[in-house]
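> You'll find input_32.csv just under this line, and it carries CSV, C-alpha atoms.
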```
chain,number,residue,atom,x,y,z
A,131,MET,CA,-116.7,74.7,-33.9
A,132,PRO,CA,-120.5,75.2,-33.6
A,133,LEU,CA,-120.8,74.6,-37.4
A,134,ALA,CA,-118.9,71.3,-37.1
A,135,LEU,CA,-121.2,70.2,-34.3
A,136,LEU,CA,-124.2,71.1,-36.4
A,137,ARG,CA,-122.9,69.1,-39.4
A,138,ARG,CA,-122.3,66.1,-37.2
A,139,PHE,CA,-125.8,66.2,-35.8
A,140,LYS,CA,-127.4,66.6,-39.3
A,141,SER,CA,-125.4,63.6,-40.6
A,142,SER,CA,-126.8,61.3,-37.9
A,143,PRO,CA,-129.9,59.6,-39.4
A,144,ARG,CA,-133.2,59.7,-37.5
A,145,GLN,CA,-136.1,57.4,-37.9
A,146,GLY,CA,-138.6,58.6,-35.3
A,147,GLY,CA,-136.1,58.4,-32.4
A,148,ALA,CA,-132.9,59.8,-31.1
A,149,PRO,CA,-129.9,60.2,-33.5
A,150,VAL,CA,-128.0,57.0,-34.3
A,151,PRO,CA,-124.3,57.3,-33.5
A,152,ARG,CA,-121.9,57.2,-36.5
A,153,GLY,CA,-120.9,53.7,-37.3
A,154,ALA,CA,-123.5,52.1,-35.1
A,155,GLY,CA,-127.1,50.9,-35.6
A,156,ALA,CA,-130.2,50.9,-33.4
A,157,VAL,CA,-133.2,48.8,-32.5
A,158,ASP,CA,-136.6,49.8,-31.3
A,159,CYS,CA,-139.4,47.5,-30.1
A,160,LEU,CA,-142.8,47.7,-28.4
A,161,VAL,CA,-143.8,45.0,-26.0
A,162,LEU,CA,-147.5,44.4,-25.3
A,163,ASP,CA,-149.2,42.3,-22.5
A,164,PRO,CA,-151.9,39.7,-23.2
A,165,VAL,CA,-154.6,42.4,-23.5
A,166,GLN,CA,-152.5,44.4,-25.9
A,167,LEU,CA,-151.5,47.1,-23.4
A,168,PRO,CA,-147.9,48.4,-23.2
A,169,LEU,CA,-145.9,46.2,-20.8
A,170,HIS,CA,-143.7,48.0,-18.3
A,171,ARG,CA,-140.5,46.4,-17.0
A,172,ALA,CA,-140.4,43.4,-19.3
A,173,GLU,CA,-136.8,42.1,-19.4
A,174,VAL,CA,-135.1,42.4,-22.8
A,175,SER,CA,-131.9,40.5,-23.6
A,176,VAL,CA,-130.1,41.1,-26.9
A,177,ARG,CA,-127.6,38.3,-28.0
A,178,ASP,CA,-125.1,38.1,-30.8
A,179,ALA,CA,-124.8,35.3,-33.3
A,180,ARG,CA,-122.8,33.2,-30.9
A,181,GLY,CA,-125.4,33.5,-28.1
A,182,GLY,CA,-123.4,35.9,-26.0
A,183,GLU,CA,-125.5,38.7,-24.3
A,184,VAL,CA,-124.5,42.1,-25.6
A,185,LEU,CA,-127.3,44.2,-24.0
A,186,HIS,CA,-129.8,43.8,-21.2
A,187,GLY,CA,-132.5,46.2,-20.2
A,188,GLN,CA,-136.2,46.7,-19.4
A,189,THR,CA,-139.1,48.3,-21.3
A,190,ASP,CA,-140.1,51.8,-20.2
A,191,PRO,CA,-143.6,52.7,-18.9
A,192,HIS,CA,-144.8,52.9,-22.5
A,193,GLY,CA,-143.7,49.3,-23.2
A,194,ARG,CA,-140.8,50.4,-25.4
A,195,PHE,CA,-137.2,49.3,-25.5
A,196,ALA,CA,-134.5,51.0,-27.6
A,197,ALA,CA,-130.7,50.6,-27.8
A,198,THR,CA,-127.8,51.2,-30.1
A,199,MET,CA,-125.2,48.5,-31.0
A,200,LYS,CA,-122.7,47.4,-33.6
A,201,PRO,CA,-124.1,46.5,-37.0
A,202,GLY,CA,-124.8,42.8,-37.3
A,203,GLU,CA,-127.3,39.9,-36.8
A,204,TYR,CA,-128.8,39.5,-33.3
A,205,GLY,CA,-131.4,37.6,-31.4
A,206,LEU,CA,-133.8,39.3,-28.9
A,207,VAL,CA,-135.5,37.6,-26.0
A,208,VAL,CA,-138.3,39.2,-24.0
A,209,THR,CA,-139.4,37.7,-20.6
A,210,ALA,CA,-141.8,38.8,-18.0
A,211,GLU,CA,-143.3,37.2,-14.8
A,212,GLY,CA,-146.2,35.0,-15.6
A,213,LEU,CA,-145.8,35.3,-19.4
A,214,GLN,CA,-144.2,33.1,-22.0
A,215,PRO,CA,-140.8,34.2,-23.4
A,216,VAL,CA,-140.7,35.6,-26.9
A,217,ARG,CA,-137.7,35.4,-29.2
A,218,ARG,CA,-137.0,37.4,-32.3
A,219,THR,CA,-134.1,37.8,-34.7
A,220,PHE,CA,-133.2,41.0,-36.5
A,221,GLU,CA,-130.4,42.6,-38.4
A,222,CYS,CA,-128.9,45.9,-37.1
A,223,THR,CA,-127.8,48.2,-40.0
A,224,ALA,CA,-125.2,50.8,-39.7
A,225,GLU,CA,-126.5,54.3,-39.1
A,226,ALA,CA,-130.1,53.2,-39.3
A,227,ARG,CA,-132.9,52.4,-36.7
A,228,THR,CA,-134.5,49.0,-37.0
A,229,GLU,CA,-138.0,49.0,-35.7
A,230,LEU,CA,-139.4,45.5,-34.9
A,231,GLU,CA,-143.0,44.5,-35.2
A,232,PRO,CA,-144.9,44.9,-31.9
A,233,ILE,CA,-144.1,41.9,-29.6
A,234,GLY,CA,-147.3,40.5,-28.0
A,235,MET,CA,-146.8,38.2,-25.0
A,236,ASP,CA,-149.1,35.4,-23.9
A,237,PRO,CA,-149.8,34.0,-20.4
A,238,ALA,CA,-147.5,31.2,-19.3
A,239,PRO,CA,-149.2,27.9,-18.3
A,240,ALA,CA,-149.8,27.9,-14.6
A,241,PRO,CA,-147.8,25.2,-12.7
A,242,ALA,CA,-149.8,22.3,-11.1
A,243,THR,CA,-151.2,23.3,-7.8
A,244,PRO,CA,-151.0,21.2,-4.6
A,245,ALA,CA,-153.5,18.4,-4.0
A,246,PRO,CA,-156.6,19.6,-2.1
A,247,GLY,CA,-156.4,19.0,1.6
A,248,ALA,CA,-154.5,20.0,4.7
A,249,TRP,CA,-150.8,20.9,4.5
A,250,ARG,CA,-148.5,21.8,7.3
A,251,ILE,CA,-145.8,24.5,7.0
A,252,ASP,CA,-142.4,22.9,7.6
A,253,SER,CA,-140.6,25.3,9.9
A,254,ASP,CA,-137.2,23.5,9.3
A,255,HIS,CA,-137.4,24.5,5.6
A,256,THR,CA,-139.2,27.9,6.0
A,257,ALA,CA,-137.8,31.3,6.7
A,258,VAL,CA,-139.6,34.5,8.0
A,259,ARG,CA,-137.3,37.4,7.4
A,260,PHE,CA,-137.6,41.2,7.6
A,261,ILE,CA,-135.6,44.2,6.5
A,262,ALA,CA,-135.7,47.6,8.2
A,263,ARG,CA,-133.6,50.8,7.9
A,264,HIS,CA,-131.6,51.7,11.0
A,265,ILE,CA,-131.3,55.3,12.1
A,266,GLY,CA,-132.1,56.3,8.5
A,267,LEU,CA,-128.8,54.7,7.2
A,268,ALA,CA,-127.9,51.1,6.8
A,269,GLU,CA,-130.4,48.2,6.6
A,270,VAL,CA,-130.9,45.8,9.5
A,271,HIS,CA,-131.8,42.2,8.5
A,272,GLY,CA,-133.5,39.9,10.9
A,273,ARG,CA,-135.8,36.9,11.2
A,274,PHE,CA,-138.2,35.1,13.5
A,275,ASN,CA,-137.1,31.7,14.5
A,276,ARG,CA,-140.3,30.2,16.0
A,277,PHE,CA,-143.5,29.9,14.1
A,278,GLN,CA,-146.1,27.4,12.8
A,279,GLY,CA,-148.7,27.4,10.2
A,280,ASN,CA,-151.2,25.5,8.1
A,281,LEU,CA,-152.4,25.6,4.6
A,282,TRP,CA,-155.8,24.3,3.5
A,283,VAL,CA,-155.9,23.8,-0.3
A,284,ALA,CA,-159.4,23.9,-1.7
A,285,GLU,CA,-160.6,22.3,-5.0
A,286,ARG,CA,-160.5,25.8,-6.4
A,287,MET,CA,-157.2,27.3,-5.3
A,288,GLU,CA,-158.8,30.7,-4.9
A,289,GLN,CA,-160.8,29.4,-2.0
A,290,SER,CA,-157.8,28.1,-0.1
A,291,ARG,CA,-156.8,29.3,3.4
A,292,LEU,CA,-153.5,30.1,5.1
A,293,ASP,CA,-152.9,30.6,8.8
A,294,VAL,CA,-149.5,31.4,10.3
A,295,VAL,CA,-148.6,32.2,14.0
A,296,ILE,CA,-145.2,33.7,14.8
A,297,GLU,CA,-143.7,34.0,18.3
A,298,THR,CA,-142.6,37.7,18.6
A,299,ALA,CA,-139.9,36.8,21.3
A,300,SER,CA,-138.1,34.7,18.7
A,301,ILE,CA,-136.9,37.9,16.8
A,302,ASP,CA,-133.3,37.6,15.9
A,303,THR,CA,-131.1,40.3,14.3
A,304,GLY,CA,-127.8,38.7,15.3
A,305,VAL,CA,-127.2,41.3,18.1
A,306,GLU,CA,-128.5,40.2,21.5
A,307,GLN,CA,-128.6,43.7,23.0
A,308,ARG,CA,-130.6,45.0,20.0
A,309,ASP,CA,-132.9,41.9,20.2
A,310,LYS,CA,-133.6,42.6,23.9
A,311,HIS,CA,-134.5,46.2,23.0
A,312,LEU,CA,-136.8,45.0,20.2
A,313,ARG,CA,-138.6,42.6,22.6
A,314,SER,CA,-139.1,45.4,25.2
A,315,PRO,CA,-142.3,47.5,25.7
A,316,GLU,CA,-140.8,50.3,23.5
A,317,PHE,CA,-141.0,48.0,20.5
A,318,LEU,CA,-142.8,44.7,20.1
A,319,ASP,CA,-143.7,44.3,23.8
A,320,VAL,CA,-143.5,40.5,23.6
A,321,ALA,CA,-144.8,40.1,27.2
A,322,ALA,CA,-148.1,41.7,26.3
A,323,TYR,CA,-148.2,40.5,22.7
A,324,PRO,CA,-146.4,37.2,22.5
A,325,TYR,CA,-147.7,36.3,19.0
A,326,MET,CA,-148.4,37.8,15.7
A,327,ARG,CA,-150.9,36.1,13.3
A,328,PHE,CA,-151.7,36.2,9.6
A,329,THR,CA,-155.0,34.7,8.5
A,330,SER,CA,-155.8,34.7,4.8
A,331,GLU,CA,-159.2,35.7,3.4
A,332,ARG,CA,-158.7,34.9,-0.3
A,333,PHE,CA,-156.1,33.8,-2.9
A,334,VAL,CA,-156.1,35.9,-6.1
A,335,HIS,CA,-154.4,34.5,-9.2
A,336,ARG,CA,-152.3,37.2,-10.9
A,337,GLY,CA,-151.2,35.0,-13.9
A,338,GLY,CA,-148.6,32.3,-14.3
A,339,ALA,CA,-147.0,31.5,-11.0
A,340,ARG,CA,-147.9,34.8,-9.4
A,341,TRP,CA,-150.6,35.0,-6.7
A,342,SER,CA,-151.8,37.6,-4.2
A,343,VAL,CA,-152.6,36.1,-0.8
A,344,GLN,CA,-154.9,38.7,0.9
A,345,GLY,CA,-155.7,38.5,4.6
A,346,VAL,CA,-155.4,40.1,8.1
A,347,LEU,CA,-152.3,40.5,10.1
A,348,ASN,CA,-152.7,40.9,13.9
A,349,LEU,CA,-149.6,42.5,15.4
A,350,HIS,CA,-149.2,44.5,18.6
A,351,GLY,CA,-152.9,44.2,19.4
A,352,VAL,CA,-153.9,45.8,16.0
A,353,SER,CA,-155.4,44.1,13.0
A,354,ARG,CA,-154.7,45.3,9.5
A,355,ASN,CA,-155.3,44.1,5.9
A,356,VAL,CA,-152.1,42.8,4.3
A,357,SER,CA,-151.5,41.4,0.8
A,358,LEU,CA,-148.7,39.0,0.2
A,359,ASP,CA,-147.1,39.2,-3.3
A,360,THR,CA,-146.6,35.4,-3.7
A,361,ARG,CA,-144.7,33.4,-6.3
A,362,TYR,CA,-145.7,29.7,-6.4
A,363,LEU,CA,-142.7,27.5,-7.0
A,364,GLY,CA,-144.4,24.2,-7.6
A,365,ILE,CA,-144.3,20.7,-6.2
A,366,GLY,CA,-141.3,18.5,-5.5
A,367,THR,CA,-140.1,15.4,-3.6
A,368,GLY,CA,-138.1,15.6,-0.4
A,369,ILE,CA,-135.2,13.4,0.6
A,370,MET,CA,-137.5,11.0,2.4
A,371,GLY,CA,-139.8,10.7,-0.5
A,372,GLU,CA,-142.4,13.1,0.9
A,373,THR,CA,-144.3,15.5,-1.3
A,374,ARG,CA,-143.5,19.1,-0.8
A,375,THR,CA,-144.9,22.4,-2.2
A,376,ALA,CA,-143.1,25.8,-2.0
A,377,CYS,CA,-143.6,29.5,-2.5
A,378,SER,CA,-141.9,32.8,-1.8
A,379,ALA,CA,-143.8,35.8,-0.7
A,380,SER,CA,-143.2,39.4,0.4
A,381,THR,CA,-145.0,42.5,1.7
A,382,GLU,CA,-144.3,45.9,3.1
A,383,LEU,CA,-145.6,46.9,6.5
A,384,HIS,CA,-146.0,50.5,7.8
A,385,ARG,CA,-145.1,50.2,11.5
A,386,GLU,CA,-147.3,53.1,12.5
A,387,ASP,CA,-150.3,51.1,11.3
A,388,PHE,CA,-149.6,48.8,14.2
A,389,THR,CA,-149.1,51.6,16.8
A,390,LEU,CA,-145.4,51.0,16.7
A,391,ASN,CA,-144.5,54.7,17.0
A,392,TRP,CA,-141.9,54.5,19.7
A,393,ARG,CA,-142.6,58.1,20.7
A,394,SER,CA,-140.2,58.1,23.6
A,395,MET,CA,-137.3,57.6,21.3
A,396,LEU,CA,-138.6,60.0,18.7
A,397,GLN,CA,-138.9,62.7,21.4
A,398,ARG,CA,-135.2,62.2,22.1
A,399,GLY,CA,-134.5,62.7,18.4
A,400,ILE,CA,-133.6,59.1,17.7
A,401,VAL,CA,-135.2,57.7,14.7
A,402,MET,CA,-134.2,54.1,15.2
A,403,ILE,CA,-136.3,52.3,12.6
A,404,GLY,CA,-137.7,53.5,9.2
A,405,THR,CA,-141.4,53.9,8.7
A,406,THR,CA,-141.7,50.8,6.5
A,407,ILE,CA,-140.5,47.2,7.1
A,408,ARG,CA,-140.2,44.7,4.3
A,409,VAL,CA,-141.1,41.1,5.1
A,410,GLU,CA,-139.9,38.2,3.0
A,411,LEU,CA,-141.1,34.6,3.3
A,412,ASP,CA,-139.7,31.4,1.9
A,413,ILE,CA,-142.2,28.7,2.6
A,414,GLN,CA,-142.3,24.9,2.2
A,415,ALA,CA,-145.3,22.8,3.2
A,416,VAL,CA,-145.9,19.0,3.5
A,417,PRO,CA,-149.2,17.1,3.6
A,418,GLU,CA,-150.7,17.0,7.1
A,419,ALA,CA,-150.4,13.5,8.5
```
Before anything else, please render the file you have as structure tokens.

Amino acid sequence: MPLALLRRFKSSPRQGGAPVPRGAGAVDCLVLDPVQLPLHRAEVSVRDARGGEVLHGQTDPHGRFAATMKPGEYGLVVTAEGLQPVRRTFECTAEARTELEPIGMDPAPAPATPAPGAWRIDSDHTAVRFIARHIGLAEVHGRFNRFQGNLWVAERMEQSRLDVVIETASIDTGVEQRDKHLRSPEFLDVAAYPYMRFTSERFVHRGGARWSVQGVLNLHGVSRNVSLDTRYLGIGTGIMGETRTACSASTELHREDFTLNWRSMLQRGIVMIGTTIRVELDIQAVPEA
């Protein structure tokens, strides 16, 4: 039995990688970013001659993607946020490893930015959501229902400003008893701190439609630097013919940064909320009248 396994292993061809299974072929590729560094987590889709997807995966931390498949002709599509898609064709040969030429990706054209001037966040088409872990188990999803904000678009987008004010008492997790508890002095203490406020300090372009909006969040009487990972969605026209611009953004807050330790509950051995809270925003804005 050991000799049979050894013969099977030796009969599996190798070309710088893992053995190729008998009757199958393999493909290897290296994906590079615009400065020729390995690109981690690029999306790779392999499609057959009819266009059907047969494999989907991501590049590893070294920018490599490898897979085995049936022999045949295939198309490979590589995509990544802020970069232009790249397409290649290749033939997968039985019991051989096909290594493609390195795939270099170029920046995608940035979408047109909003016209300079004052914009108002449309609360009817904007959502402020959060996700927290409850007692170390399931996630609790909630939102804030009352807020207002303004965006000042500069001639150079990097010099633009964003200001958002949220009413803490408008927290809504869908359970009234829990919401009352979250509004209490043990949590948000909305009587003492009726608002939280985010004021941007700079916009940093990360390539393509990706921006980092960096600023200060004041919550529970404490101010901390926060960076919003933002995806700009472009400009459109509303049902009344009005111009609209939109983006999605997210960040992760550490509740202890804002003195939200809730020690009285911890002393009783009840860990109600996880140490981190994920905040997700879907924002639409219209020109200020």
> Could you list, as an MDAnalysis selection string, every residue within 10 Å of A:Gln289, counting all atoms listed in the file and ignoring same-chain residues fewer than 6 positions away?
chainID A and resid 282:283 330:334
> Record the distance separating atom CA of A:Asp163 and atom CA of A:Gln188, expressed in Å with one decimal.
14.1 Å
> When you draw a straight line from atom CA of A:Asn348 to atom CA of A:Asp387, how long is it in Å?
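Atom-to-atom, atom CA of A:Asn348 to atom CA of A:Asp387, that is 10.8 Å.
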> How many Å separate atom CA of A:Pro315 from atom CA of A:Leu383?
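We find that atom CA of A:Pro315 and atom CA of A:Leu383 lie 19.5 Å from each other.
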> Quick one: of A:Pro417, A:Pro241, A:Gly181, A:Pro164, who's nearest to A:Glu372, counting all atoms listed in the file?
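Nearest to A:Glu372: A:Pro417.
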> Show me as an MDAnalysis selection string the residues that reach within 10 Å of (-137.2, 25.0, 11.4), counting all atoms listed in the file and using the file's own coordinates.
chainID A and resid 251:257 275:278
> I'd like the contact shell of A:Ala210 - 7 Å cut-off, all atoms listed in the file, skipping same-chain residues fewer than 2 positions apart - returned as a PyMOL selection string.
chain A and resi 172-173+208+212-213
> Measuring atom to atom with all atoms listed in the file, identify which of A:Arg385, A:His186, A:Arg408, A:His192 is nearest to A:Glu269.
A:Arg408
> Could I get stretch 267-392 of chain A from the block written out with C-alpha atoms, as a PDB file, in the first residue's frame?

```
ATOM      1  CA  LEU A 267     -23.120  35.619  20.686  1.00  0.00           C
ATOM      2  CA  ALA A 268     -25.495  36.929  18.026  1.00  0.00           C
ATOM      3  CA  GLU A 269     -25.222  40.305  16.339  1.00  0.00           C
ATOM      4  CA  VAL A 270     -27.641  43.124  17.121  1.00  0.00           C
ATOM      5  CA  HIS A 271     -28.474  45.437  14.222  1.00  0.00           C
ATOM      6  CA  GLY A 272     -29.760  48.931  14.847  1.00  0.00           C
ATOM      7  CA  ARG A 273     -30.018  52.412  13.400  1.00  0.00           C
ATOM      8  CA  PHE A 274     -30.399  56.063  14.300  1.00  0.00           C
ATOM      9  CA  ASN A 275     -33.554  57.588  12.841  1.00  0.00           C
ATOM     10  CA  ARG A 276     -32.958  61.323  13.333  1.00  0.00           C
ATOM     11  CA  PHE A 277     -29.912  63.159  12.000  1.00  0.00           C
ATOM     12  CA  GLN A 278     -28.903  65.983   9.717  1.00  0.00           C
ATOM     13  CA  GLY A 279     -25.763  66.887   7.871  1.00  0.00           C
ATOM     14  CA  ASN A 280     -24.086  69.074   5.302  1.00  0.00           C
ATOM     15  CA  LEU A 281     -21.369  68.548   2.712  1.00  0.00           C
ATOM     16  CA  TRP A 282     -19.270  71.391   1.342  1.00  0.00           C
ATOM     17  CA  VAL A 283     -17.622  70.342  -1.918  1.00  0.00           C
ATOM     18  CA  ALA A 284     -14.444  72.275  -2.679  1.00  0.00           C
ATOM     19  CA  GLU A 285     -12.843  72.905  -6.065  1.00  0.00           C
ATOM     20  CA  ARG A 286     -10.325  70.255  -5.001  1.00  0.00           C
ATOM     21  CA  MET A 287     -12.316  67.367  -3.532  1.00  0.00           C
ATOM     22  CA  GLU A 288      -9.555  66.718  -0.969  1.00  0.00           C
ATOM     23  CA  GLN A 289     -10.407  70.057   0.662  1.00  0.00           C
ATOM     24  CA  SER A 290     -14.121  69.292   1.059  1.00  0.00           C
ATOM     25  CA  ARG A 291     -15.861  69.135   4.448  1.00  0.00           C
ATOM     26  CA  LEU A 292     -18.578  66.963   5.973  1.00  0.00           C
ATOM     27  CA  ASP A 293     -20.562  67.661   9.135  1.00  0.00           C
ATOM     28  CA  VAL A 294     -23.156  65.223  10.536  1.00  0.00           C
ATOM     29  CA  VAL A 295     -25.175  65.499  13.778  1.00  0.00           C
ATOM     30  CA  ILE A 296     -27.128  62.478  15.092  1.00  0.00           C
ATOM     31  CA  GLU A 297     -29.740  62.456  17.870  1.00  0.00           C
ATOM     32  CA  THR A 298     -28.703  59.691  20.269  1.00  0.00           C
ATOM     33  CA  ALA A 299     -32.288  59.263  21.560  1.00  0.00           C
ATOM     34  CA  SER A 300     -33.332  58.132  18.062  1.00  0.00           C
ATOM     35  CA  ILE A 301     -31.510  54.792  18.484  1.00  0.00           C
ATOM     36  CA  ASP A 302     -33.680  51.953  17.221  1.00  0.00           C
ATOM     37  CA  THR A 303     -32.899  48.235  17.474  1.00  0.00           C
ATOM     38  CA  GLY A 304     -36.497  47.092  17.002  1.00  0.00           C
ATOM     39  CA  VAL A 305     -36.937  46.179  20.704  1.00  0.00           C
ATOM     40  CA  GLU A 306     -38.346  49.002  22.823  1.00  0.00           C
ATOM     41  CA  GLN A 307     -37.133  47.660  26.171  1.00  0.00           C
ATOM     42  CA  ARG A 308     -33.596  47.322  24.827  1.00  0.00           C
ATOM     43  CA  ASP A 309     -33.745  50.793  23.258  1.00  0.00           C
ATOM     44  CA  LYS A 310     -34.765  52.326  26.605  1.00  0.00           C
ATOM     45  CA  HIS A 311     -31.801  50.599  28.223  1.00  0.00           C
ATOM     46  CA  LEU A 312     -29.443  51.894  25.517  1.00  0.00           C
ATOM     47  CA  ARG A 313     -30.728  55.441  26.110  1.00  0.00           C
ATOM     48  CA  SER A 314     -30.158  55.152  29.875  1.00  0.00           C
ATOM     49  CA  PRO A 315     -27.142  56.507  31.849  1.00  0.00           C
ATOM     50  CA  GLU A 316     -25.591  52.998  31.725  1.00  0.00           C
ATOM     51  CA  PHE A 317     -25.148  53.306  27.976  1.00  0.00           C
ATOM     52  CA  LEU A 318     -25.550  56.409  25.771  1.00  0.00           C
ATOM     53  CA  ASP A 319     -26.968  58.627  28.546  1.00  0.00           C
ATOM     54  CA  VAL A 320     -29.040  60.611  26.047  1.00  0.00           C
ATOM     55  CA  ALA A 321     -30.225  63.089  28.703  1.00  0.00           C
ATOM     56  CA  ALA A 322     -26.637  64.247  29.272  1.00  0.00           C
ATOM     57  CA  TYR A 323     -25.398  63.684  25.704  1.00  0.00           C
ATOM     58  CA  PRO A 324     -28.318  64.237  23.312  1.00  0.00           C
ATOM     59  CA  TYR A 325     -26.146  64.390  20.182  1.00  0.00           C
ATOM     60  CA  MET A 326     -23.137  62.765  18.586  1.00  0.00           C
ATOM     61  CA  ARG A 327     -21.282  64.679  15.889  1.00  0.00           C
ATOM     62  CA  PHE A 328     -18.799  63.830  13.145  1.00  0.00           C
ATOM     63  CA  THR A 329     -16.790  66.659  11.581  1.00  0.00           C
ATOM     64  CA  SER A 330     -14.354  65.835   8.799  1.00  0.00           C
ATOM     65  CA  GLU A 331     -10.842  67.233   8.632  1.00  0.00           C
ATOM     66  CA  ARG A 332      -9.756  65.946   5.216  1.00  0.00           C
ATOM     67  CA  PHE A 333     -10.713  63.754   2.289  1.00  0.00           C
ATOM     68  CA  VAL A 334      -8.017  61.334   1.076  1.00  0.00           C
ATOM     69  CA  HIS A 335      -8.359  59.711  -2.358  1.00  0.00           C
ATOM     70  CA  ARG A 336      -7.511  55.988  -2.210  1.00  0.00           C
ATOM     71  CA  GLY A 337      -7.913  55.370  -5.942  1.00  0.00           C
ATOM     72  CA  GLY A 338     -10.907  54.903  -8.213  1.00  0.00           C
ATOM     73  CA  ALA A 339     -14.130  55.430  -6.274  1.00  0.00           C
ATOM     74  CA  ARG A 340     -12.519  54.804  -2.877  1.00  0.00           C
ATOM     75  CA  TRP A 341     -11.955  57.648  -0.406  1.00  0.00           C
ATOM     76  CA  SER A 342     -11.005  57.948   3.245  1.00  0.00           C
ATOM     77  CA  VAL A 343     -12.933  60.679   5.054  1.00  0.00           C
ATOM     78  CA  GLN A 344     -10.929  61.479   8.164  1.00  0.00           C
ATOM     79  CA  GLY A 345     -12.291  63.539  11.027  1.00  0.00           C
ATOM     80  CA  VAL A 346     -13.364  63.740  14.656  1.00  0.00           C
ATOM     81  CA  LEU A 347     -16.334  61.986  16.268  1.00  0.00           C
ATOM     82  CA  ASN A 348     -17.725  63.482  19.475  1.00  0.00           C
ATOM     83  CA  LEU A 349     -19.722  60.861  21.385  1.00  0.00           C
ATOM     84  CA  HIS A 350     -20.595  60.613  25.058  1.00  0.00           C
ATOM     85  CA  GLY A 351     -18.593  63.755  25.791  1.00  0.00           C
ATOM     86  CA  VAL A 352     -15.379  62.330  24.252  1.00  0.00           C
ATOM     87  CA  SER A 353     -13.740  63.261  20.938  1.00  0.00           C
ATOM     88  CA  ARG A 354     -11.766  60.708  18.952  1.00  0.00           C
ATOM     89  CA  ASN A 355     -10.223  60.582  15.467  1.00  0.00           C
ATOM     90  CA  VAL A 356     -12.258  58.395  13.107  1.00  0.00           C
ATOM     91  CA  SER A 357     -11.670  57.382   9.497  1.00  0.00           C
ATOM     92  CA  LEU A 358     -14.630  56.519   7.257  1.00  0.00           C
ATOM     93  CA  ASP A 359     -13.810  53.997   4.520  1.00  0.00           C
ATOM     94  CA  THR A 360     -15.932  55.556   1.785  1.00  0.00           C
ATOM     95  CA  ARG A 361     -17.024  54.375  -1.638  1.00  0.00           C
ATOM     96  CA  TYR A 362     -18.243  57.193  -3.883  1.00  0.00           C
ATOM     97  CA  LEU A 363     -21.224  56.071  -5.984  1.00  0.00           C
ATOM     98  CA  GLY A 364     -21.458  58.996  -8.397  1.00  0.00           C
ATOM     99  CA  ILE A 365     -24.133  61.462  -9.477  1.00  0.00           C
ATOM    100  CA  GLY A 366     -27.715  60.774 -10.536  1.00  0.00           C
ATOM    101  CA  THR A 367     -31.095  62.401 -11.082  1.00  0.00           C
ATOM    102  CA  GLY A 368     -33.995  62.009  -8.639  1.00  0.00           C
ATOM    103  CA  ILE A 369     -37.669  61.482  -9.442  1.00  0.00           C
ATOM    104  CA  MET A 370     -38.327  65.243  -9.333  1.00  0.00           C
ATOM    105  CA  GLY A 371     -35.409  65.967 -11.642  1.00  0.00           C
ATOM    106  CA  GLU A 372     -33.087  67.028  -8.822  1.00  0.00           C
ATOM    107  CA  THR A 373     -29.372  66.266  -8.889  1.00  0.00           C
ATOM    108  CA  ARG A 374     -28.226  63.747  -6.312  1.00  0.00           C
ATOM    109  CA  THR A 375     -24.879  62.373  -5.215  1.00  0.00           C
ATOM    110  CA  ALA A 376     -24.356  59.254  -3.126  1.00  0.00           C
ATOM    111  CA  CYS A 377     -21.754  57.261  -1.239  1.00  0.00           C
ATOM    112  CA  SER A 378     -21.492  54.374   1.216  1.00  0.00           C
ATOM    113  CA  ALA A 379     -19.137  54.439   4.189  1.00  0.00           C
ATOM    114  CA  SER A 380     -18.169  52.307   7.159  1.00  0.00           C
ATOM    115  CA  THR A 381     -15.950  52.418  10.221  1.00  0.00           C
ATOM    116  CA  GLU A 382     -15.318  50.448  13.404  1.00  0.00           C
ATOM    117  CA  LEU A 383     -15.571  52.098  16.814  1.00  0.00           C
ATOM    118  CA  HIS A 384     -14.083  50.839  20.058  1.00  0.00           C
ATOM    119  CA  ARG A 385     -16.686  51.637  22.694  1.00  0.00           C
ATOM    120  CA  GLU A 386     -14.116  52.021  25.477  1.00  0.00           C
ATOM    121  CA  ASP A 387     -12.565  54.909  23.501  1.00  0.00           C
ATOM    122  CA  PHE A 388     -15.739  56.819  24.339  1.00  0.00           C
ATOM    123  CA  THR A 389     -15.857  55.774  28.043  1.00  0.00           C
ATOM    124  CA  LEU A 390     -18.677  53.335  27.278  1.00  0.00           C
ATOM    125  CA  ASN A 391     -17.403  50.695  29.701  1.00  0.00           C
ATOM    126  CA  TRP A 392     -20.693  49.984  31.467  1.00  0.00           C
TER     127      TRP A 392
END
```
